[in-house]
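See below for the structure under consideration.
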Amino acid sequence: MTGDSALPRPGAAPFTERTPRVVAARKLTRRAEREKTGRFLAEGANAVEAALDHGGEVYELFVTERAAAQQESLLVAAREAGVPVSPITDRAAGGLSETVTPQGIVAVCALVDRPQETVLKAGAKLVVVLVDVADPGNAGTVIRVADAAGADAVVLAGDSVDPHNGKCVRAAAGSLFHPAITRIRDVDAALTACSAAGLRTFGAHGYADTELDQVTFDEPTAWVFGNEAHGLPREVLDTVDLAVKIPMYGRAESLNLATAAAICVYTNAMASRAVTT
């Protein structure tokens, strides 16, 4: 580290797993505590960098000695943003992580989801809606896909997983802080809001009559994806403007959620860019 280190003075004892601030942060691995405090943990260099760049509230940065040596630029960015940087032991880092091999750098951040009226509004071109998606790794990967494809927003509808879940945050790899994210418990209300914003709704469904290569993408679109095991409920398929399936040219019976979302959303994004360029 340089003499202008973002860490406390040299020789300062790192926080342990029993330090009250670490204990309070560890509680954020539970959804109830995240909802109560309005805070969550963003672990790893990608997530921390995105959090600092996002412009949202970052309350504290915890870092091990090893991670501090590897990520000095992030510590400098945190210091310049006025974010307290707290050294922690490896054991404390393990308590803040839900992985076998913690990265040793964790930010305490404000929740990123926004009210639906600020997210689903006229002008959005591409939105991804997840209905009853249970696996946080899948949800995070789809958020990352949506970000990469330039989607305006991601909607987690129905009983979908909390996007601030540690596994979801890691799978999103920093993308949690880029597209607007909203949670809408009522699925019908989510679809109605998409339509009211001028979005045509496409439901991904393996048994649809219309195949993806038959669809034209000349209007703003909301892609709707269902639960990993059960897909979209019949009432959702009856509500969307069009049910669409990905054609299977080989012998695979189906694709997993994240792969299907990547194909549909990127096909849409590339076609839309071709129309406007």
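Chain identifiers are assigned as A, B, and so on, following the order in which chains appear in the structure tokens; residues are numbered from 1 within each chain, and ligands are numbered from 1 in order of appearance.
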### Distance query Arg18 in chain A at most 12 Å, only C-alpha atoms, self and fewer than 5 positions along chain excluded, as a PyMOL selection string
chain A and resi 23-26+88-89+91-93+95-96
I'd like a table as JSON lines: residues in range 105-192 of chain A with an atom no more than 12 Å from range 210-225 of chain A, each row giving the shortest atom pair and its distance in Å to one decimal, only C-alpha atoms counted, sorted by chain and rising residue number.
```
{"residue": "A:Leu120", "atom": "CA", "partner": "A:Ala222", "partner_atom": "CA", "distance": 10.1}
{"residue": "A:Lys121", "atom": "CA", "partner": "A:Pro220", "partner_atom": "CA", "distance": 11.4}
{"residue": "A:Ala122", "atom": "CA", "partner": "A:Pro220", "partner_atom": "CA", "distance": 9.6}
{"residue": "A:Gly123", "atom": "CA", "partner": "A:Pro220", "partner_atom": "CA", "distance": 8.4}
{"residue": "A:Ala124", "atom": "CA", "partner": "A:Pro220", "partner_atom": "CA", "distance": 6.8}
{"residue": "A:Lys125", "atom": "CA", "partner": "A:Pro220", "partner_atom": "CA", "distance": 4.3}
{"residue": "A:Leu126", "atom": "CA", "partner": "A:Thr221", "partner_atom": "CA", "distance": 5.0}
{"residue": "A:Val127", "atom": "CA", "partner": "A:Ala222", "partner_atom": "CA", "distance": 4.5}
{"residue": "A:Val128", "atom": "CA", "partner": "A:Trp223", "partner_atom": "CA", "distance": 4.9}
{"residue": "A:Val129", "atom": "CA", "partner": "A:Val224", "partner_atom": "CA", "distance": 4.6}
{"residue": "A:Leu130", "atom": "CA", "partner": "A:Phe225", "partner_atom": "CA", "distance": 5.1}
{"residue": "A:Val131", "atom": "CA", "partner": "A:Phe225", "partner_atom": "CA", "distance": 6.0}
{"residue": "A:Asp132", "atom": "CA", "partner": "A:Phe225", "partner_atom": "CA", "distance": 8.8}
{"residue": "A:Val133", "atom": "CA", "partner": "A:Phe225", "partner_atom": "CA", "distance": 8.1}
{"residue": "A:Ala134", "atom": "CA", "partner": "A:Phe225", "partner_atom": "CA", "distance": 11.8}
{"residue": "A:Asn138", "atom": "CA", "partner": "A:Phe225", "partner_atom": "CA", "distance": 11.2}
{"residue": "A:Ala139", "atom": "CA", "partner": "A:Phe225", "partner_atom": "CA", "distance": 10.4}
{"residue": "A:Val142", "atom": "CA", "partner": "A:Phe225", "partner_atom": "CA", "distance": 9.8}
{"residue": "A:Ala146", "atom": "CA", "partner": "A:Trp223", "partner_atom": "CA", "distance": 10.2}
{"residue": "A:Ala151", "atom": "CA", "partner": "A:Ala222", "partner_atom": "CA", "distance": 9.4}
{"residue": "A:Asp152", "atom": "CA", "partner": "A:Ala222", "partner_atom": "CA", "distance": 9.9}
{"residue": "A:Ala153", "atom": "CA", "partner": "A:Ala222", "partner_atom": "CA", "distance": 9.3}
{"residue": "A:Val154", "atom": "CA", "partner": "A:Ala222", "partner_atom": "CA", "distance": 9.3}
{"residue": "A:Val155", "atom": "CA", "partner": "A:Val224", "partner_atom": "CA", "distance": 9.2}
{"residue": "A:Leu156", "atom": "CA", "partner": "A:Phe225", "partner_atom": "CA", "distance": 10.0}
{"residue": "A:Ala157", "atom": "CA", "partner": "A:Val224", "partner_atom": "CA", "distance": 9.7}
{"residue": "A:Gly158", "atom": "CA", "partner": "A:Phe225", "partner_atom": "CA", "distance": 11.7}
{"residue": "A:Ser160", "atom": "CA", "partner": "A:Phe225", "partner_atom": "CA", "distance": 10.9}
{"residue": "A:Val187", "atom": "CA", "partner": "A:Val224", "partner_atom": "CA", "distance": 10.5}
{"residue": "A:Asp188", "atom": "CA", "partner": "A:Val224", "partner_atom": "CA", "distance": 11.8}
{"residue": "A:Ala190", "atom": "CA", "partner": "A:Val224", "partner_atom": "CA", "distance": 10.2}
{"residue": "A:Leu191", "atom": "CA", "partner": "A:Ala222", "partner_atom": "CA", "distance": 8.7}
{"residue": "A:Thr192", "atom": "CA", "partner": "A:Ala222", "partner_atom": "CA", "distance": 11.2}
```
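Counting only C-alpha atoms and comparing A:Asp113, A:Asp90, A:Glu17, A:Asp53, the residue that lies closest to Phe40 in chain A is A:Asp113.
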### Query
What is the CA of Gly38 in chain A to CA of Leu257 in chain A distance in Å?
28.6 Å
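CA of Glu60 in chain A is found 5.7 Å from CA of Ala107 in chain A.
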### Query
Pick from A:Ser272, A:Gln70, A:Thr201, A:Thr259: nearest to Val240 in chain A, with only C-alpha atoms counted?
A:Thr201
### Message
Please extract the residues of range 131-225 of chain A with a backbone DSSP assignment of strand (DSSP E) and present them as a PyMOL selection string.
### Response
chain A and resi 131+153-157+180-184+200-204+210-211+221-225
With N, CA, C and O atoms retained, write the just-selected residues as an mmCIF file, in the first residue's frame.
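Saved as out.cif:
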```
data_model
loop_
_atom_site.group_PDB
_atom_site.id
_atom_site.type_symbol
_atom_site.label_atom_id
_atom_site.label_comp_id
_atom_site.auth_asym_id
_atom_site.auth_seq_id
_atom_site.Cartn_x
_atom_site.Cartn_y
_atom_site.Cartn_z
ATOM 1 N N VAL A 131 -40.706 -14.137 -13.639
ATOM 2 C CA VAL A 131 -41.901 -14.512 -12.884
ATOM 3 C C VAL A 131 -41.617 -15.766 -12.063
ATOM 4 O O VAL A 131 -41.324 -16.828 -12.618
ATOM 5 N N ALA A 153 -34.470 -2.225 -17.937
ATOM 6 C CA ALA A 153 -34.911 -2.597 -16.595
ATOM 7 C C ALA A 153 -35.096 -4.101 -16.483
ATOM 8 O O ALA A 153 -35.280 -4.807 -17.481
ATOM 9 N N VAL A 154 -35.048 -4.562 -15.236
ATOM 10 C CA VAL A 154 -35.383 -5.942 -14.902
ATOM 11 C C VAL A 154 -36.463 -5.910 -13.823
ATOM 12 O O VAL A 154 -36.317 -5.193 -12.817
ATOM 13 N N VAL A 155 -37.527 -6.671 -14.038
ATOM 14 C CA VAL A 155 -38.630 -6.751 -13.085
ATOM 15 C C VAL A 155 -38.638 -8.137 -12.467
ATOM 16 O O VAL A 155 -38.661 -9.143 -13.178
ATOM 17 N N LEU A 156 -38.604 -8.213 -11.150
ATOM 18 C CA LEU A 156 -38.751 -9.489 -10.457
ATOM 19 C C LEU A 156 -40.177 -9.550 -9.923
ATOM 20 O O LEU A 156 -40.537 -8.792 -9.014
ATOM 21 N N ALA A 157 -40.972 -10.420 -10.537
ATOM 22 C CA ALA A 157 -42.406 -10.452 -10.261
ATOM 23 C C ALA A 157 -42.808 -11.717 -9.516
ATOM 24 O O ALA A 157 -42.126 -12.740 -9.559
ATOM 25 N N ALA A 180 -32.185 -0.575 -14.289
ATOM 26 C CA ALA A 180 -33.121 -0.315 -13.197
ATOM 27 C C ALA A 180 -33.778 -1.636 -12.778
ATOM 28 O O ALA A 180 -34.117 -2.465 -13.633
ATOM 29 N N ILE A 181 -33.958 -1.827 -11.502
ATOM 30 C CA ILE A 181 -34.545 -3.064 -10.986
ATOM 31 C C ILE A 181 -35.735 -2.720 -10.103
ATOM 32 O O ILE A 181 -35.667 -1.812 -9.267
ATOM 33 N N THR A 182 -36.822 -3.452 -10.301
ATOM 34 C CA THR A 182 -37.999 -3.274 -9.456
ATOM 35 C C THR A 182 -38.577 -4.630 -9.111
ATOM 36 O O THR A 182 -38.403 -5.597 -9.853
ATOM 37 N N ARG A 183 -39.255 -4.688 -7.974
ATOM 38 C CA ARG A 183 -39.932 -5.909 -7.554
ATOM 39 C C ARG A 183 -41.433 -5.644 -7.473
ATOM 40 O O ARG A 183 -41.864 -4.674 -6.844
ATOM 41 N N ILE A 184 -42.220 -6.493 -8.123
ATOM 42 C CA ILE A 184 -43.670 -6.324 -8.133
ATOM 43 C C ILE A 184 -44.293 -7.666 -7.748
ATOM 44 O O ILE A 184 -44.182 -8.645 -8.480
ATOM 45 N N ARG A 200 -44.454 -4.209 -25.801
ATOM 46 C CA ARG A 200 -45.109 -5.429 -26.252
ATOM 47 C C ARG A 200 -44.546 -6.594 -25.448
ATOM 48 O O ARG A 200 -43.322 -6.722 -25.313
ATOM 49 N N THR A 201 -45.395 -7.432 -24.885
ATOM 50 C CA THR A 201 -44.937 -8.493 -23.992
ATOM 51 C C THR A 201 -44.807 -9.829 -24.724
ATOM 52 O O THR A 201 -45.753 -10.303 -25.348
ATOM 53 N N PHE A 202 -43.620 -10.417 -24.643
ATOM 54 C CA PHE A 202 -43.335 -11.734 -25.216
ATOM 55 C C PHE A 202 -43.073 -12.720 -24.080
ATOM 56 O O PHE A 202 -42.190 -12.485 -23.244
ATOM 57 N N GLY A 203 -43.807 -13.813 -24.055
ATOM 58 C CA GLY A 203 -43.606 -14.832 -23.046
ATOM 59 C C GLY A 203 -42.802 -15.995 -23.606
ATOM 60 O O GLY A 203 -43.185 -16.592 -24.621
ATOM 61 N N ALA A 204 -41.682 -16.320 -22.968
ATOM 62 C CA ALA A 204 -40.873 -17.453 -23.417
ATOM 63 C C ALA A 204 -41.547 -18.749 -22.978
ATOM 64 O O ALA A 204 -41.747 -18.977 -21.786
ATOM 65 N N THR A 210 -45.255 -19.865 -32.107
ATOM 66 C CA THR A 210 -44.365 -18.948 -32.803
ATOM 67 C C THR A 210 -42.923 -19.172 -32.372
ATOM 68 O O THR A 210 -42.624 -19.209 -31.172
ATOM 69 N N GLU A 211 -42.029 -19.334 -33.357
ATOM 70 C CA GLU A 211 -40.613 -19.514 -33.039
ATOM 71 C C GLU A 211 -39.888 -18.167 -33.068
ATOM 72 O O GLU A 211 -40.319 -17.217 -33.736
ATOM 73 N N THR A 221 -40.061 -3.833 -26.236
ATOM 74 C CA THR A 221 -40.429 -5.195 -25.841
ATOM 75 C C THR A 221 -40.125 -5.479 -24.379
ATOM 76 O O THR A 221 -39.108 -5.047 -23.849
ATOM 77 N N ALA A 222 -41.005 -6.250 -23.765
ATOM 78 C CA ALA A 222 -40.745 -6.822 -22.441
ATOM 79 C C ALA A 222 -40.743 -8.342 -22.591
ATOM 80 O O ALA A 222 -41.756 -8.934 -23.000
ATOM 81 N N TRP A 223 -39.623 -8.972 -22.303
ATOM 82 C CA TRP A 223 -39.514 -10.429 -22.338
ATOM 83 C C TRP A 223 -39.883 -10.985 -20.972
ATOM 84 O O TRP A 223 -39.343 -10.543 -19.943
ATOM 85 N N VAL A 224 -40.756 -11.975 -20.954
ATOM 86 C CA VAL A 224 -41.247 -12.544 -19.704
ATOM 87 C C VAL A 224 -40.785 -13.997 -19.605
ATOM 88 O O VAL A 224 -41.075 -14.812 -20.488
ATOM 89 N N PHE A 225 -40.050 -14.308 -18.528
ATOM 90 C CA PHE A 225 -39.523 -15.659 -18.309
ATOM 91 C C PHE A 225 -40.065 -16.214 -17.006
ATOM 92 O O PHE A 225 -40.240 -15.480 -16.026
#
```
